[in-house]
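Participant: My structure is in data.cif, and what it holds is mmCIF, C-alpha atoms:
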```
data_work
loop_
_atom_site.label_atom_id
_atom_site.label_comp_id
_atom_site.auth_asym_id
_atom_site.auth_seq_id
_atom_site.Cartn_x
_atom_site.Cartn_y
_atom_site.Cartn_z
CA MET A 84 0.00 0.00 0.00
CA LYS A 85 2.81 2.40 0.86
CA GLU A 86 4.39 1.75 -2.54
CA LYS A 87 1.14 2.64 -4.30
CA ILE A 88 0.88 5.91 -2.40
CA ILE A 89 4.51 6.81 -3.13
CA LYS A 90 4.03 6.16 -6.86
CA ILE A 91 0.94 8.36 -6.91
CA ALA A 92 2.77 11.01 -4.90
CA GLU A 93 5.62 11.03 -7.40
CA LYS A 94 3.20 11.62 -10.28
CA ALA A 95 1.29 14.30 -8.40
CA THR A 96 4.25 16.25 -7.06
CA THR A 97 6.44 16.54 -10.16
CA SER A 98 5.63 20.24 -10.62
CA LYS A 99 6.39 22.99 -8.11
CA TYR A 100 3.81 25.62 -7.26
CA VAL A 101 6.35 28.12 -5.92
CA PRO A 102 8.20 30.22 -8.57
CA ASN A 103 11.87 29.33 -9.00
CA THR A 104 14.71 31.49 -7.70
CA SER A 105 15.45 33.02 -11.11
CA SER A 106 11.92 34.31 -11.47
CA VAL A 107 11.39 37.99 -12.21
CA PHE A 108 8.63 37.81 -9.65
CA ARG A 109 11.17 37.01 -6.92
CA ALA A 110 13.20 40.07 -7.82
CA GLY A 111 10.05 42.17 -7.53
CA VAL A 112 9.28 40.73 -4.11
CA SER A 113 12.79 41.45 -2.87
CA ALA A 114 12.46 45.06 -4.02
CA ILE A 115 9.46 45.74 -1.77
CA PRO A 116 10.54 48.35 0.81
CA VAL A 117 11.11 47.25 4.43
CA VAL A 118 9.49 43.78 4.18
CA GLY A 119 10.94 42.62 0.85
CA GLY A 120 13.68 40.46 2.39
CA ALA A 121 11.32 38.79 4.84
CA LEU A 122 8.73 38.08 2.13
CA ASP A 123 11.40 36.71 -0.18
CA HIS A 124 12.47 34.22 2.48
CA LEU A 125 8.89 33.28 3.31
CA ILE A 126 7.67 32.79 -0.26
CA PHE A 127 10.70 31.23 -1.90
CA ASP A 128 12.65 29.51 0.86
CA LYS A 129 10.43 28.79 3.85
CA SER A 130 7.33 27.98 1.78
CA ASP A 131 9.02 25.14 -0.09
CA GLU A 132 10.26 23.74 3.23
CA ILE A 133 6.74 23.88 4.68
CA ARG A 134 5.25 22.32 1.57
CA THR A 135 7.71 19.42 1.55
CA ARG A 136 7.21 18.79 5.26
CA ASN A 137 3.42 18.82 4.95
CA ILE A 138 3.46 16.36 2.05
CA GLU A 139 5.66 14.04 4.09
CA VAL A 140 3.26 14.33 7.03
CA ALA A 141 0.31 13.63 4.73
CA ILE A 142 1.93 10.45 3.40
CA ALA A 143 2.72 9.33 6.95
CA SER A 144 -0.90 10.02 7.91
CA LEU A 145 -2.11 7.95 4.95
CA GLU A 146 0.16 5.06 5.89
CA ASN A 147 -1.12 5.17 9.47
CA LYS A 148 -4.75 5.21 8.31
CA TYR A 149 -4.27 2.30 5.93
CA GLN A 150 -2.76 0.23 8.72
CA LYS A 151 -6.05 0.60 10.58
CA LEU A 152 -8.27 -0.29 7.61
CA GLU A 153 -9.26 -3.81 6.63
CA ASN A 154 -7.47 -4.88 3.44
CA ALA A 155 -10.69 -6.29 2.02
CA SER A 156 -12.35 -2.87 2.32
CA ILE A 157 -9.81 -1.21 -0.01
CA ASN A 158 -10.39 -1.04 -3.76
CA LEU A 159 -6.87 -1.64 -5.06
CA ASP A 160 -7.95 -1.05 -8.67
CA TRP A 161 -8.80 2.54 -7.76
CA PHE A 162 -5.09 3.33 -7.40
CA LEU A 163 -4.65 2.61 -11.12
CA THR A 164 -7.09 5.35 -12.12
CA GLY A 165 -6.44 8.94 -13.07
CA GLU A 166 -8.85 9.96 -10.32
CA ALA A 167 -6.43 8.61 -7.71
CA VAL A 168 -3.67 10.87 -9.04
CA ASN A 169 -5.93 13.89 -9.47
CA LEU A 170 -7.33 13.50 -5.97
CA PHE A 171 -3.82 13.34 -4.56
CA LYS A 172 -3.04 16.59 -6.38
CA GLU A 173 -6.17 18.03 -4.77
CA LEU A 174 -4.93 16.82 -1.39
CA ILE A 175 -1.57 18.53 -1.91
CA SER A 176 -3.19 21.81 -2.90
CA LEU A 177 -5.26 21.75 0.29
CA ILE A 178 -2.55 20.81 2.78
CA GLU A 179 0.71 22.10 1.32
CA TYR A 180 0.71 25.25 3.48
CA GLU A 181 -1.74 24.15 6.18
CA ASP A 182 -0.41 25.13 9.61
CA SER A 183 -2.81 22.94 11.61
CA GLN A 184 -1.38 19.44 11.88
CA GLU A 185 -4.74 18.20 13.12
CA LYS A 186 -6.55 19.42 10.02
CA LEU A 187 -3.74 18.15 7.80
CA ASP A 188 -4.22 14.70 9.30
CA ALA A 189 -8.02 14.84 8.95
CA VAL A 190 -7.94 15.90 5.29
CA SER A 191 -5.26 13.30 4.49
CA GLN A 192 -7.43 10.57 5.98
CA LEU A 193 -10.14 11.49 3.50
CA TYR A 194 -7.87 10.42 0.68
CA ALA A 195 -7.43 7.01 2.29
CA LEU A 196 -11.18 6.71 2.78
CA SER A 197 -11.72 7.59 -0.88
CA SER A 198 -10.05 4.31 -1.89
CA LEU A 199 -12.47 2.19 0.11
CA GLN A 200 -15.00 0.04 -1.70
CA GLN A 201 -17.87 2.12 -0.31
CA PHE A 202 -16.44 5.44 -1.50
CA SER A 203 -14.30 4.64 -4.55
CA ASN A 204 -17.21 5.23 -6.94
CA ASP A 205 -18.47 8.33 -5.13
CA GLN A 206 -18.30 11.35 -7.43
CA GLN A 207 -18.24 13.78 -4.48
CA LYS A 208 -14.83 12.81 -3.06
CA ALA A 209 -12.97 15.96 -4.14
CA TRP A 210 -15.86 18.17 -3.02
CA VAL A 211 -15.94 16.51 0.41
CA MET A 212 -12.19 16.96 0.77
CA ARG A 213 -12.41 20.65 -0.11
CA LYS A 214 -15.37 21.20 2.19
CA VAL A 215 -13.67 19.59 5.19
CA SER A 216 -10.52 21.64 4.54
CA GLU A 217 -12.65 24.82 4.68
CA LEU A 218 -13.91 23.99 8.17
CA SER A 219 -11.84 24.74 11.23
CA ASN A 220 -11.05 21.85 13.56
CA GLU A 221 -13.64 23.21 15.98
CA GLN A 222 -16.30 23.46 13.28
CA ARG A 223 -15.58 19.96 11.99
CA LYS A 224 -15.98 18.46 15.46
CA LEU A 225 -19.05 20.57 16.23
CA PHE A 226 -20.69 19.38 13.01
CA VAL A 227 -20.15 15.73 13.98
CA GLU A 228 -21.66 16.40 17.41
CA VAL A 229 -24.66 18.19 15.92
CA ALA A 230 -25.21 15.30 13.52
CA SER A 231 -25.34 12.88 16.46
CA ILE A 232 -28.41 14.65 17.88
CA SER A 233 -31.85 13.38 16.88
CA PRO A 234 -34.31 16.08 15.73
CA GLU A 235 -36.83 17.04 18.40
CA GLU A 236 -40.37 18.17 17.68
CA ARG A 237 -41.48 21.30 19.51
CA LYS A 238 -44.81 23.07 19.50
CA TYR A 239 -45.19 26.81 19.89
CA SER A 240 -48.19 29.09 20.06
CA SER A 241 -48.91 32.78 20.05
CA GLY A 242 -52.55 33.52 20.75
CA ALA A 243 -54.64 31.58 18.24
CA LEU A 244 -51.61 30.79 16.07
CA GLN A 245 -49.64 27.59 16.52
CA SER A 246 -46.43 26.23 15.10
CA SER A 247 -44.83 22.78 15.22
CA GLU A 248 -41.28 22.09 14.07
CA SER A 249 -38.89 19.17 14.24
CA ALA A 250 -35.26 20.25 14.33
CA ILE A 251 -31.90 20.04 16.05
CA TRP A 252 -32.27 23.01 18.41
CA ASN A 253 -29.34 25.23 19.32
CA ASP A 254 -30.05 25.02 23.06
CA VAL A 255 -29.88 21.22 22.82
CA VAL A 256 -26.50 21.49 21.10
CA TYR A 257 -25.25 23.85 23.79
CA ASN A 258 -26.47 21.59 26.60
CA LEU A 259 -24.90 18.52 24.99
CA LEU A 260 -21.49 20.18 24.78
CA ASN A 261 -21.76 21.59 28.29
CA ASN A 262 -22.73 18.24 29.79
CA LYS A 263 -19.92 16.39 28.02
CA VAL A 264 -17.38 18.86 29.39
CA LYS A 265 -18.75 18.36 32.90
CA ILE A 266 -18.27 14.61 32.55
CA ASP A 267 -14.86 14.89 30.89
CA PRO A 268 -13.04 18.25 30.92
CA LEU A 269 -10.57 16.89 28.34
CA TYR A 270 -13.44 16.59 25.87
CA CYS A 271 -13.42 20.37 25.31
CA PHE A 272 -12.30 20.86 21.68
CA TRP A 273 -12.97 24.58 21.42
CA SER A 274 -10.98 27.64 22.40
CA GLU A 275 -12.02 30.55 24.61
CA GLY A 276 -14.72 32.71 23.05
CA PHE A 277 -16.26 29.83 21.06
CA ASN A 278 -19.84 30.89 20.32
CA VAL A 279 -22.12 27.96 19.55
CA ASP A 280 -24.77 30.06 17.81
CA VAL A 281 -22.21 31.76 15.57
CA GLN A 282 -20.54 28.48 14.69
CA LEU A 283 -23.85 26.87 13.81
CA GLU A 284 -24.59 29.75 11.46
CA LEU A 285 -21.14 29.36 9.90
CA LEU A 286 -21.86 25.67 9.34
CA CYS A 287 -25.02 26.77 7.54
CA SER A 288 -22.93 29.11 5.40
CA ALA A 289 -20.63 26.19 4.64
CA GLY A 290 -23.65 24.26 3.37
CA VAL A 291 -23.46 21.30 5.76
CA LEU A 292 -26.35 22.52 7.94
CA GLU A 293 -29.68 24.10 7.01
CA ARG A 294 -31.61 26.51 9.18
CA LYS A 295 -35.15 25.44 10.09
CA HIS A 296 -37.53 28.39 10.28
CA SER A 297 -40.20 28.49 12.97
CA TYR A 298 -42.31 31.59 13.52
CA PHE A 299 -42.68 31.26 17.28
CA ALA A 300 -39.65 29.20 18.31
CA LYS A 301 -37.45 30.94 20.85
CA ASN A 302 -34.44 28.91 19.75
CA GLN A 303 -32.98 28.45 16.30
CA GLY A 304 -33.40 25.01 14.75
CA TYR A 305 -31.21 23.19 12.23
CA LYS A 306 -31.05 20.04 10.15
CA ILE A 307 -28.24 18.24 8.33
CA SER A 308 -28.26 19.27 4.67
CA VAL A 309 -28.01 16.83 1.77
CA PHE A 310 -24.42 17.98 1.27
CA GLY A 311 -23.77 17.62 4.98
CA LEU A 312 -24.90 14.01 4.89
CA SER A 313 -22.27 13.28 2.24
CA VAL A 314 -19.55 14.90 4.34
CA LEU A 315 -20.74 13.12 7.45
CA GLU A 316 -20.34 9.67 5.89
CA TYR A 317 -16.63 10.36 5.57
CA LEU A 318 -16.15 12.18 8.87
CA LYS A 319 -17.64 9.24 10.77
CA MET A 320 -14.53 7.31 9.77
CA VAL A 321 -11.97 10.06 10.46
CA SER A 322 -10.16 9.33 13.71
#
```
How does this structure look as structure tokens?
Facilitator:
Amino acid sequence: MKEKIIKIAEKATTSKYVPNTSSVFRAGVSAIPVVGGALDHLIFDKSDEIRTRNIEVAIASLENKYQKLENASINLDWFLTGEAVNLFKELISLIEYEDSQEKLDAVSQLYALSSLQQFSNDQQKAWVMRKVSELSNEQRKLFVEVASISPEERKYSSGALQSSESAIWNDVVYNLLNNKVKIDPLYCFWSEGFNVDVQLELLCSAGVLERKHSYFAKNQGYKISVFGLSVLEYLKMVS
């Protein structure tokens, strides 16, 4: 398996994305007043170092993931396809300058999952990979938690008017997270200032959640979108 990944990596990484040292562009960067020298080092020296390191980490992450997968679940023929190479190129473009090792690992695992029998024919693989890379680590984990909550039907009334909605309510999400932290303080995956309501709205903007409208509900309700269901199938298997 490692040999297959290395061969694909060789095909996918033959071209550099960073301009070479003789580029006119580099001379222009160096000429920028005050910060030119620092930018030159960052773009042309440090960036290539970061890119190489991240690709190495991605390959190591893939190897680790494949060791945990059942051999029978892997579609070996998929590695002979152009899609396998193109998806690896997509992986590189997403992680080459990623500074979060946790996200780098999560996105890399998606490539391994894409070779499984259950996903190898899925046409949404690249989209799922891009979508997960757009989410922060906190948002990715919050989405998985939200998806674990069963929709709850609530009835509301205002005078003679009544409303009934089934949704994943934001107060339920908040209570779930709060209770889990009380049981296990190490469970806390968010940083100070993490706003559940804001993050839920951002997940809606990302297209993995949909807002459920209720005229009289005091709390906002959500449901997993069709796109979110596709992402969730992969994230369930990301360790």
Participant: Once the PyMOL selection byres ((chain A and resi 280-296) around 12) has been evaluated on this model, what residues remain selected, and can you format them as a PyMOL selection string?
Facilitator: chain A and resi 210-211+213-230+234-236+246-257+273+276-279+297-315
Participant: Between CA of Gln200 in chain A and CA of Ile175 in chain A, what is the distance in Å, rounded to a tenth?
Facilitator: 22.9 Å
Participant: As a list in words, please: the residues near Asp160 in chain A (cut-off 10 Å, only C-alpha atoms, same-chain neighbours under 5 positions excluded).
Facilitator: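 The neighbour list is Ala167, Ser198, Gln200 and Ser203 of chain A.
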Participant: Skipping near chain neighbours, those fewer than 3 positions away, what residues fall within 12 Å of Glu181 in chain A using all atoms listed in the file, listed as a count of residues only?
Facilitator: 25
Participant: Compare A:Ser233, A:Asn262, A:Ser241, A:Ser322 by their minimum atom-to-atom distance to Lys151 in chain A, counting all atoms listed in the file, and give me the closest one.
Facilitator: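 Nearest to Lys151 in chain A: A:Ser322.
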Participant: With all atoms listed in the file as the basis for distance, which of A:Glu316, A:Glu166, A:Asp182, A:Glu86 is at the shortest distance from Ile142 in chain A?
Facilitator: A:Glu86
Participant: Around (-9.0, -1.0, -3.5), as given in the file, which residues come within 12 Å? Count only C-alpha atoms and list them as a list in words.
Facilitator: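 Selection result: Met84, Lys87, Tyr149, Leu152, Glu153, Asn154, Ala155, Ser156, Ile157, Asn158, Leu159, Asp160, Trp161, Phe162, Leu163, Thr164, Ala167, Ala195, Leu196, Ser197, Ser198, Leu199, Gln200, Gln201, Phe202, Ser203 and Asn204 of chain A.
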Participant: Nearest residue to Val321 in chain A out of A:Cys271, A:Leu193, A:Ile266, A:Leu260, using only C-alpha atoms?
Facilitator: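 Among the listed residues, A:Leu193 lies closest to Val321 in chain A.
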Participant: I'd like the interatomic distance between CA of Glu179 in chain A and CA of Ala209 in chain A, to a tenth of an Å.
Facilitator: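 We find that CA of Glu179 in chain A and CA of Ala209 in chain A lie 16.0 Å from each other.
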Participant: Hey, can you check how far CA of Asp131 in chain A sits from CA of Phe171 in chain A?
Facilitator: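 We find that CA of Asp131 in chain A and CA of Phe171 in chain A lie 18.0 Å from each other.
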